[in-house]
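Asks: Pasting data-v5.cif below, which is mmCIF, C-alpha atoms and all ligand atoms.
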```cif
data_start
#
loop_
_atom_site.label_atom_id
_atom_site.label_comp_id
_atom_site.auth_asym_id
_atom_site.auth_seq_id
_atom_site.Cartn_x
_atom_site.Cartn_y
_atom_site.Cartn_z
CA MET M 1 171.81 100.79 13.42
CA PRO M 2 173.79 98.34 11.27
CA VAL M 3 177.15 97.05 12.55
CA PHE M 4 180.59 96.55 11.00
CA PRO M 5 180.95 93.02 9.54
CA LEU M 6 184.15 92.23 11.48
CA ALA M 7 185.12 92.31 15.17
CA LYS M 8 187.46 95.23 14.56
CA LYS M 9 187.45 98.16 12.17
CA VAL M 10 189.89 97.88 9.26
CA ASP M 11 190.53 100.49 6.56
CA SER M 12 192.28 98.59 3.75
CA TYR M 13 189.30 99.34 1.51
CA LYS M 14 190.38 103.00 1.59
CA THR M 15 194.14 102.78 1.98
CA VAL M 16 195.27 99.87 -0.23
CA ALA M 17 194.70 100.55 -3.95
CA PRO M 18 193.79 96.99 -5.08
CA CYS M 19 191.35 96.67 -2.17
CA LYS M 20 189.23 99.63 -3.30
CA PHE M 21 185.93 99.40 -5.16
CA ASP M 22 186.45 99.94 -8.91
CA ALA M 23 190.13 98.92 -8.72
CA PRO M 24 191.29 97.44 -12.04
CA ARG M 25 191.30 93.64 -12.35
CA SER M 26 192.43 91.21 -15.06
CA ASP M 27 194.78 93.71 -16.76
CA GLY M 28 192.16 96.44 -16.70
CA THR M 29 189.49 94.45 -18.53
CA ARG M 30 187.18 94.50 -15.53
CA LYS M 31 186.71 96.33 -12.23
CA HIS M 32 186.59 95.20 -8.61
CA ALA M 33 182.90 94.77 -7.74
CA GLY M 34 183.36 95.30 -4.01
CA CYS M 35 185.95 96.29 -1.47
CA ASP M 36 188.40 94.16 0.47
CA LEU M 37 188.58 94.28 4.25
CA GLY M 38 191.98 92.80 5.08
CA ILE M 39 191.97 90.53 8.13
CA GLY M 40 193.32 87.11 9.09
CA ALA M 41 191.85 83.81 7.93
CA GLY M 42 189.38 82.41 10.43
CA SER M 43 188.12 85.83 11.52
CA SER M 44 184.39 85.88 12.17
CA VAL M 45 182.14 87.62 9.64
CA TYR M 46 178.95 89.19 11.02
CA ALA M 47 175.67 90.19 9.40
CA ILE M 48 175.62 93.98 9.10
CA ALA M 49 171.88 93.98 9.82
CA GLY M 50 168.93 91.65 10.00
CA GLY M 51 167.68 90.03 6.82
CA THR M 52 167.21 86.95 4.69
CA VAL M 53 169.95 84.72 3.27
CA ILE M 54 169.68 84.58 -0.53
CA GLU M 55 172.97 82.82 -1.29
CA ALA M 56 175.15 80.64 0.97
CA THR M 57 177.99 78.42 -0.19
CA ASN M 58 181.43 77.36 1.05
CA THR M 59 182.80 76.99 -2.48
CA GLY M 60 182.57 78.41 -5.98
CA PHE M 61 182.87 82.14 -5.33
CA LEU M 62 186.62 82.39 -5.86
CA VAL M 63 188.50 79.41 -7.27
CA LYS M 64 192.20 79.00 -7.90
CA GLU M 65 192.90 75.45 -9.06
CA GLY M 66 194.96 73.47 -6.59
CA LYS M 67 195.08 76.38 -4.14
CA TYR M 68 191.65 77.32 -2.90
CA ASN M 69 187.94 77.19 -3.65
CA ILE M 70 186.03 79.49 -1.31
CA GLY M 71 182.51 80.73 -0.79
CA VAL M 72 180.07 83.56 -0.30
CA VAL M 73 177.00 84.52 1.73
CA SER M 74 174.54 87.08 0.38
CA ILE M 75 171.89 88.68 2.54
CA LYS M 76 168.95 90.86 1.63
CA HIS M 77 168.84 93.36 4.47
CA ASP M 78 165.45 94.94 5.10
CA VAL M 79 166.77 97.93 6.97
CA THR M 80 166.73 101.58 5.93
CA ILE M 81 170.13 103.12 5.29
CA LYS M 82 171.14 106.51 3.97
CA ILE M 83 173.92 106.76 1.40
CA GLY M 84 174.70 110.34 0.50
CA ASP M 85 171.32 112.05 0.36
CA THR M 86 169.35 108.96 -0.62
CA GLU M 87 167.51 106.58 1.70
CA TYR M 88 167.19 102.93 0.74
CA THR M 89 164.67 100.70 2.50
CA SER M 90 166.52 97.53 1.57
CA PHE M 91 169.91 96.51 0.25
CA VAL M 92 171.87 93.37 -0.50
CA VAL M 93 175.37 92.63 0.80
CA ARG M 94 177.55 89.84 -0.59
CA TYR M 95 180.08 88.67 1.97
CA GLY M 96 182.68 86.94 -0.23
CA GLU M 97 185.90 84.92 0.14
CA VAL M 98 184.57 83.09 3.17
CA ASP M 99 184.18 79.52 4.42
CA THR M 100 182.72 77.88 7.54
CA VAL M 101 179.33 79.21 6.42
CA LYS M 102 176.92 79.11 9.37
CA VAL M 103 173.66 80.06 7.69
CA ALA M 104 171.40 78.26 5.24
CA LEU M 105 169.65 79.55 2.16
CA ASN M 106 166.39 81.37 3.05
CA ALA M 107 167.31 81.57 6.75
CA THR M 108 166.52 84.73 8.68
CA VAL M 109 169.47 86.39 10.40
CA SER M 110 169.72 89.10 13.03
CA GLU M 111 172.11 92.02 13.16
CA GLY M 112 175.52 90.87 14.38
CA ASP M 113 174.95 87.14 13.86
CA GLN M 114 178.08 85.29 12.79
CA ILE M 115 177.45 84.08 9.24
CA ALA M 116 180.86 82.72 8.17
CA ALA M 117 184.61 83.08 8.60
CA VAL M 118 187.28 84.67 6.39
CA ALA M 119 188.77 81.92 4.23
CA LYS M 120 192.43 80.95 3.77
CA GLN M 121 193.91 81.77 0.37
CA ALA M 122 197.14 79.72 0.27
CA ASP M 123 200.06 82.10 0.83
CA GLU M 124 198.20 85.20 -0.31
CA GLY M 125 196.62 87.85 1.88
CA THR M 126 193.16 87.18 3.26
CA GLN M 127 190.16 89.47 3.46
CA LEU M 128 186.42 89.81 3.47
CA HIS M 129 185.37 90.81 -0.05
CA LEU M 130 182.19 92.87 0.38
CA GLU M 131 179.76 93.90 -2.36
CA LEU M 132 176.86 96.33 -1.84
CA TYR M 133 173.68 96.49 -3.94
CA LEU M 134 171.36 99.37 -3.09
CA GLY M 135 167.62 98.92 -3.40
CA GLU M 136 166.42 95.51 -4.44
CA GLN M 137 167.34 95.80 -8.13
CA GLY M 138 165.14 92.77 -8.73
CA ILE M 139 167.50 90.60 -6.71
CA THR M 140 165.66 87.53 -5.44
CA SER M 141 166.63 84.26 -3.84
CA SER M 142 167.01 82.63 -7.23
CA SER M 143 169.09 85.38 -8.77
CA LYS M 144 172.54 84.60 -10.05
CA PHE M 145 175.05 87.37 -9.51
CA LYS M 146 177.68 86.37 -12.07
CA ALA M 147 177.15 87.73 -15.57
CA ASP M 148 179.21 88.58 -18.61
CA LYS M 149 178.44 92.28 -18.16
CA LYS M 150 181.28 94.80 -18.07
CA PRO M 151 182.88 96.21 -16.06
CA TYR M 152 181.92 94.34 -12.88
CA MET M 153 180.94 90.98 -14.39
CA ARG M 154 177.80 90.99 -12.29
CA ALA M 155 174.12 90.76 -13.20
CA PHE M 156 173.35 93.72 -10.93
CA THR M 157 175.18 97.01 -10.50
CA PRO M 158 177.17 97.23 -7.28
CA SER M 159 177.81 100.46 -5.35
CA ASP M 160 180.96 101.57 -3.55
CA PRO M 161 180.51 100.36 0.05
CA ALA M 162 183.29 102.58 1.48
CA SER M 163 181.27 105.46 2.96
CA PHE M 164 178.68 103.06 4.36
CA LEU M 165 181.40 100.94 6.00
CA ASP M 166 182.97 104.10 7.42
CA SER M 167 179.70 104.88 9.20
CA LEU M 168 179.48 101.50 10.97
CA ASN M 169 180.79 100.63 14.42
CA VAL M 170 181.77 97.17 15.63
CA LYS M 171 178.98 95.31 17.40
ZN ZN B 1 187.68 91.74 -3.53
#
```
Output the file's structure as structure tokens, nothing else.

Replies:
Amino acid sequence: MPVFPLAKKVDSYKTVAPCKFDAPRSDGTRKHAGCDLGIGAGSSVYAIAGGTVIEATNTGFLVKEGKYNIGVVSIKHDVTIKIGDTEYTSFVVRYGEVDTVKVALNATVSEGDQIAAVAKQADEGTQLHLELYLGEQGITSSSKFKADKKPYMRAFTPSDPASFLDSLNVK
């Protein structure tokens, strides 16, 4: 059974409007591709399940010149989960706005392994930004996620992770 990606449950992704999936961004020209789990900088981020690292970087995910330049880890999880009435035998999670990345590209991880830490963002709030992609959607180790494709600006179509996160307990 997959585990929550942080050491404690948080609910900002349901209770704080800008933290929700689909929340408007950039004056409404795009939508939030994931949900934000508010927690302090330095907090450990854990793999929800076992899988393979398909993206791992300390920089380049979210950049604000002169303030911060922080990273992301993406893992293809080969575990069956049920969302609504549908079962998926694999899914990809992007764990964004992190640093102190502890896993390498193509590495195998186990459920609950620490993969990174929540990054500092100058004087702004800090959080784990989490994106969920159900099924494989053709996502491979060489895939690039960023794309000029409205509304999420992603090459693949993310799903709302909220109900899945609700179902997870801390490790
Ligand atoms: Zn976010």

Asks: Skipping near chain neighbours, those fewer than 3 positions away, what residues fall within 9 Å of Val101 (chain M) using all atoms listed in the file, listed as a PDB file with C-alpha atoms, in the frame of the given file?

Replies:
```pdb
ATOM      1  CA  ALA M  56     175.150  80.640   0.970  1.00  0.00           C
ATOM      2  CA  THR M  57     177.990  78.420  -0.190  1.00  0.00           C
ATOM      3  CA  ASN M  58     181.430  77.360   1.050  1.00  0.00           C
ATOM      4  CA  GLY M  71     182.510  80.730  -0.790  1.00  0.00           C
ATOM      5  CA  VAL M  72     180.070  83.560  -0.300  1.00  0.00           C
ATOM      6  CA  VAL M  73     177.000  84.520   1.730  1.00  0.00           C
ATOM      7  CA  VAL M  98     184.570  83.090   3.170  1.00  0.00           C
ATOM      8  CA  ALA M 104     171.400  78.260   5.240  1.00  0.00           C
ATOM      9  CA  GLN M 114     178.080  85.290  12.790  1.00  0.00           C
ATOM     10  CA  ILE M 115     177.450  84.080   9.240  1.00  0.00           C
ATOM     11  CA  ALA M 116     180.860  82.720   8.170  1.00  0.00           C
ATOM     12  CA  ALA M 117     184.610  83.080   8.600  1.00  0.00           C
TER      13      ALA M 117
END
```

Asks: Take CA of Ser43 (chain M) and CA of Thr80 (chain M) and report the distance between them in Å, one decimal.

Replies: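 Interatomic distance here is 27.1 Å.
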
Asks: Write out, as CSV, each residue of chain M that has an atom at most 12 Å from ligand ZN 1 (chain B), together with the closest pair of atoms and their distance in Å to one decimal, counting all atoms listed in the file, rows going by chain and rising number.

Replies:
```
residue,atom,partner,partner_atom,distance
M:Ser12,CA,B:ZN1,ZN,11.0
M:Tyr13,CA,B:ZN1,ZN,9.3
M:Val16,CA,B:ZN1,ZN,11.6
M:Ala17,CA,B:ZN1,ZN,11.3
M:Pro18,CA,B:ZN1,ZN,8.2
M:Cys19,CA,B:ZN1,ZN,6.3
M:Lys20,CA,B:ZN1,ZN,8.0
M:Phe21,CA,B:ZN1,ZN,8.0
M:Asp22,CA,B:ZN1,ZN,9.9
M:Ala23,CA,B:ZN1,ZN,9.2
M:Pro24,CA,B:ZN1,ZN,10.9
M:Arg25,CA,B:ZN1,ZN,9.7
M:Lys31,CA,B:ZN1,ZN,9.9
M:His32,CA,B:ZN1,ZN,6.2
M:Ala33,CA,B:ZN1,ZN,7.1
M:Gly34,CA,B:ZN1,ZN,5.6
M:Cys35,CA,B:ZN1,ZN,5.3
M:Asp36,CA,B:ZN1,ZN,4.7
M:Leu37,CA,B:ZN1,ZN,8.2
M:Gly38,CA,B:ZN1,ZN,9.7
M:Phe61,CA,B:ZN1,ZN,10.9
M:Leu62,CA,B:ZN1,ZN,9.7
M:Val72,CA,B:ZN1,ZN,11.6
M:Arg94,CA,B:ZN1,ZN,10.7
M:Tyr95,CA,B:ZN1,ZN,9.9
M:Gly96,CA,B:ZN1,ZN,7.7
M:Glu97,CA,B:ZN1,ZN,7.9
M:Val98,CA,B:ZN1,ZN,11.4
M:Gly125,CA,B:ZN1,ZN,11.2
M:Thr126,CA,B:ZN1,ZN,9.8
M:Gln127,CA,B:ZN1,ZN,7.8
M:Leu128,CA,B:ZN1,ZN,7.4
M:His129,CA,B:ZN1,ZN,4.3
M:Leu130,CA,B:ZN1,ZN,6.8
M:Glu131,CA,B:ZN1,ZN,8.3
M:Leu132,CA,B:ZN1,ZN,11.9
M:Tyr152,CA,B:ZN1,ZN,11.3
M:Asp160,CA,B:ZN1,ZN,11.9
M:Pro161,CA,B:ZN1,ZN,11.8
```

Asks: Centre and edge lengths of an axis-aligned box around all listed atoms of region 9-25 of chain M, with 5 Å added on each side, are to be given in Å to one decimal, as JSON.

Replies:
```
{"center_x": 190.6, "center_y": 98.3, "center_z": -0.1, "size_x": 19.3, "size_y": 19.4, "size_z": 34.5}
```

Asks: Neighbouring residues of Ser143 (chain M) were defined as those with any atom within 9 Å, considering only C-alpha atoms; residues of the same chain fewer than 5 positions away were excluded. Please report them as an MDAnalysis selection string.

Replies: chainID M and resid 54:55 138 155

Asks: So which one's closest to Gly28 (chain M), M:Pro151, M:Gly112, M:Pro5, M:Gly51? Using all atoms listed in the file, please.

Replies: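 Result for the nearest residue to Gly28 (chain M): M:Pro151.
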
Asks: Work out how far CA of Val3 (chain M) is from CA of Leu168 (chain M), in Å to one decimal.

Replies: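 Here the two named atoms are 5.3 Å from each other.
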
Asks: Could you check the closest approach to Ile139 (chain M) for each of M:Val93, M:Ala107, M:Val118, M:Ala162 and tell me which residue wins, using only C-alpha atoms?

Replies: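 For Ile139 (chain M), the nearest of the candidates is M:Val93.
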
Asks: Which residue is closest to Ser90 (chain M)? Choose from M:Leu134, M:Ala47, M:Ala122, M:Val53 and count all atoms listed in the file.

Replies: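 Residue with the minimum atom-to-atom distance to Ser90 (chain M): M:Leu134.
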
Asks: With distances taken over only C-alpha atoms, which residue among M:Asp11, M:Asp148, M:Glu65, M:Glu111 lies nearest Tyr46 (chain M)?

Replies: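 Ranked by minimum distance to Tyr46 (chain M), first place goes to M:Glu111.
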
Asks: I need the residue nearest Val103 (chain M) from this list: M:Thr86, M:Asp78, M:Val45, M:Leu6. Use only C-alpha atoms for the distance.

Replies: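 Ranked by minimum distance to Val103 (chain M), first place goes to M:Val45.
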
Asks: For the atom pair CA of Phe164 (chain M) and CA of Lys8 (chain M), what is the interatomic distance in Å to one decimal place?

Replies: 15.6 Å

Asks: Identify which of the residues M:Val109, M:Ala119, M:Met153, M:Ile83 lies closest to Gly135 (chain M), counting all atoms listed in the file when measuring atom-to-atom distances.

Replies: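 Between M:Val109, M:Ala119, M:Met153, M:Ile83, the residue approaching Gly135 (chain M) most closely is M:Ile83.
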
Asks: Only N, CA and C atoms, please: region 40-76 of chain M from the block, as a tab-separated table (two decimals), in the first residue's frame.

Replies:
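The new file out.tsv reads:
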```tsv
chain	number	residue	atom	x	y	z
M	40	GLY	N	7.42	22.82	5.90
M	40	GLY	CA	8.64	23.61	6.00
M	40	GLY	C	9.77	23.15	5.09
M	41	ALA	N	10.62	24.10	4.71
M	41	ALA	CA	11.81	23.77	3.93
M	41	ALA	C	12.67	22.79	4.71
M	42	GLY	N	13.25	21.86	4.01
M	42	GLY	CA	14.11	20.85	4.63
M	42	GLY	C	13.37	19.58	5.00
M	43	SER	N	12.04	19.61	4.94
M	43	SER	CA	11.27	18.41	5.26
M	43	SER	C	11.58	17.29	4.27
M	44	SER	N	11.68	16.08	4.77
M	44	SER	CA	11.98	14.94	3.90
M	44	SER	C	10.79	14.64	2.98
M	45	VAL	N	11.13	14.25	1.75
M	45	VAL	CA	10.13	13.82	0.77
M	45	VAL	C	10.38	12.33	0.49
M	46	TYR	N	9.33	11.53	0.59
M	46	TYR	CA	9.45	10.08	0.46
M	46	TYR	C	8.77	9.57	-0.82
M	47	ALA	N	9.33	8.51	-1.37
M	47	ALA	CA	8.69	7.85	-2.51
M	47	ALA	C	7.38	7.23	-2.04
M	48	ILE	N	6.30	7.52	-2.75
M	48	ILE	CA	4.98	6.99	-2.41
M	48	ILE	C	4.96	5.47	-2.51
M	49	ALA	N	5.71	4.95	-3.47
M	49	ALA	CA	5.77	3.50	-3.71
M	49	ALA	C	7.10	3.18	-4.36
M	50	GLY	N	7.34	1.90	-4.61
M	50	GLY	CA	8.54	1.52	-5.33
M	50	GLY	C	8.46	1.93	-6.78
M	51	GLY	N	9.62	2.04	-7.43
M	51	GLY	CA	9.61	2.40	-8.84
M	51	GLY	C	10.98	2.77	-9.36
M	52	THR	N	10.97	3.43	-10.51
M	52	THR	CA	12.20	3.81	-11.20
M	52	THR	C	12.24	5.32	-11.39
M	53	VAL	N	13.40	5.91	-11.09
M	53	VAL	CA	13.58	7.35	-11.23
M	53	VAL	C	13.73	7.70	-12.70
M	54	ILE	N	12.86	8.58	-13.21
M	54	ILE	CA	12.94	8.97	-14.62
M	54	ILE	C	13.35	10.43	-14.80
M	55	GLU	N	13.50	11.15	-13.69
M	55	GLU	CA	13.93	12.56	-13.75
M	55	GLU	C	14.43	12.89	-12.35
M	56	ALA	N	15.61	13.52	-12.24
M	56	ALA	CA	16.15	13.86	-10.92
M	56	ALA	C	17.10	15.02	-11.07
M	57	THR	N	16.71	16.18	-10.54
M	57	THR	CA	17.56	17.36	-10.67
M	57	THR	C	17.32	18.31	-9.49
M	58	ASN	N	18.40	18.95	-9.04
M	58	ASN	CA	18.28	19.93	-7.95
M	58	ASN	C	17.89	21.31	-8.44
M	59	THR	N	17.91	21.53	-9.75
M	59	THR	CA	17.64	22.86	-10.29
M	59	THR	C	16.76	22.76	-11.53
M	60	GLY	N	16.22	23.89	-11.94
M	60	GLY	CA	15.56	23.99	-13.24
M	60	GLY	C	14.07	23.72	-13.26
M	61	PHE	N	13.51	23.24	-12.16
M	61	PHE	CA	12.06	22.98	-12.16
M	61	PHE	C	11.29	24.27	-11.93
M	62	LEU	N	11.73	25.04	-10.95
M	62	LEU	CA	11.08	26.33	-10.65
M	62	LEU	C	12.20	27.33	-10.40
M	63	VAL	N	12.22	28.37	-11.22
M	63	VAL	CA	13.33	29.33	-11.19
M	63	VAL	C	12.77	30.73	-11.01
M	64	LYS	N	13.28	31.44	-10.03
M	64	LYS	CA	12.98	32.86	-9.86
M	64	LYS	C	14.32	33.55	-9.74
M	65	GLU	N	14.68	34.31	-10.77
M	65	GLU	CA	16.02	34.90	-10.85
M	65	GLU	C	16.42	35.61	-9.57
M	66	GLY	N	17.59	35.28	-9.07
M	66	GLY	CA	18.11	35.94	-7.88
M	66	GLY	C	17.50	35.46	-6.59
M	67	LYS	N	16.49	34.60	-6.67
M	67	LYS	CA	15.82	34.14	-5.44
M	67	LYS	C	16.00	32.64	-5.23
M	68	TYR	N	15.59	31.86	-6.21
M	68	TYR	CA	15.75	30.42	-6.06
M	68	TYR	C	15.75	29.73	-7.41
M	69	ASN	N	16.29	28.53	-7.43
M	69	ASN	CA	16.34	27.69	-8.63
M	69	ASN	C	16.31	26.26	-8.09
M	70	ILE	N	15.13	25.63	-8.11
M	70	ILE	CA	14.94	24.38	-7.38
M	70	ILE	C	14.48	23.25	-8.30
M	71	GLY	N	14.51	22.04	-7.76
M	71	GLY	CA	14.45	20.87	-8.62
M	71	GLY	C	13.22	20.00	-8.52
M	72	VAL	N	13.37	18.80	-9.07
M	72	VAL	CA	12.24	17.87	-9.17
M	72	VAL	C	12.78	16.43	-9.27
M	73	VAL	N	12.01	15.50	-8.72
M	73	VAL	CA	12.27	14.07	-8.92
M	73	VAL	C	10.98	13.48	-9.49
M	74	SER	N	11.09	12.70	-10.55
M	74	SER	CA	9.93	12.00	-11.09
M	74	SER	C	10.18	10.50	-11.02
M	75	ILE	N	9.16	9.78	-10.60
M	75	ILE	CA	9.29	8.33	-10.45
M	75	ILE	C	8.14	7.63	-11.15
M	76	LYS	N	8.50	6.62	-11.94
M	76	LYS	CA	7.49	5.74	-12.52
M	76	LYS	C	7.25	4.62	-11.52
```
